[in-house]
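So the structure is just underneath, and the comments pick up after that.
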Amino acid sequence: MEKLTTLRGRVVFVARSALSLCLIPLLFLGSSAWAQVATTTVFNSSTVNPTFVNQATTIKATVTGSNPTGSVTFKDGATVIAYGSISAGVATASVSFATAGAHTLSASYPGDIANAASTSGTFTQTVNGP
């Protein structure tokens, strides 16, 4: 990259390769321009609670931040049970449970280029036997 000064005193960088074109934004924006916004993931609800074994329910999580994109991972303890695409800050998924008892659910958002990762608190889904 070559630095040139115009007649009016402005500094102009001229790229001599494709790599130089990629580096130009870094020179002007600095590292703070790439900082991610903090997010919050909240496990909101289940449409049916309690449910019965193998009865479907829709679970919902809300992700706040700077227009978060991507998907949320829903877990029962450490086991992934569903993924939900984020639309207008909300992710939903339809799930059912094969075993009776209390299921401790959570939602996690992996982050994107503008938003940091976050994980919800837990939500208890009660599943009754047949």
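Convention: chains lettered A, B, ... in structure tokens order; per-chain residue numbering from 1; ligands numbered from 1 as shown.
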What lies within 7 Å of region 106-112 of chain A using only C-alpha atoms, ignoring chain neighbours under 6 positions off, as a list in words?
Thr41, Phe43, Ala61, Thr69, Ser71, Val72, Thr73, Phe74, Lys75, Asp76, Ser118, Thr119, Ser120, Gly121, Thr122 and Phe123 of chain A
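The two atoms in question, CA of Ile81 (chain A) and CA of Val95 (chain A), are spaced 7.3 Å apart.
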Gly89 (chain A) environment, 8 Å, only C-alpha atoms, sequence neighbours closer than 4 positions dropped, as a ChimeraX atom specification
/A:62-64,67-69
Nearest to Ala114 (chain A), restricted to only C-alpha atoms and choosing among A:Ala82, A:Ala102, A:Ile59, A:Ala35, comes out as A:Ala35
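Across A:Ser46, A:Thr104, A:Asn54, A:Thr79, the tightest approach to Thr124 (chain A) is made by A:Thr104 when counting only C-alpha atoms.
Proximity ranking of A:Ala78, A:Ile113, A:Ile86, A:Val53 relative to Val37 (chain A) places A:Ile113 first, based on only C-alpha atoms.
Taking CA of Gly70 (chain A) as the reference point, CA of Ser87 (chain A) is found at 8.7 Å.
Taking CA of Ala93 (chain A) and CA of Ala38 (chain A) as the two end points, the separation is 23.8 Å.
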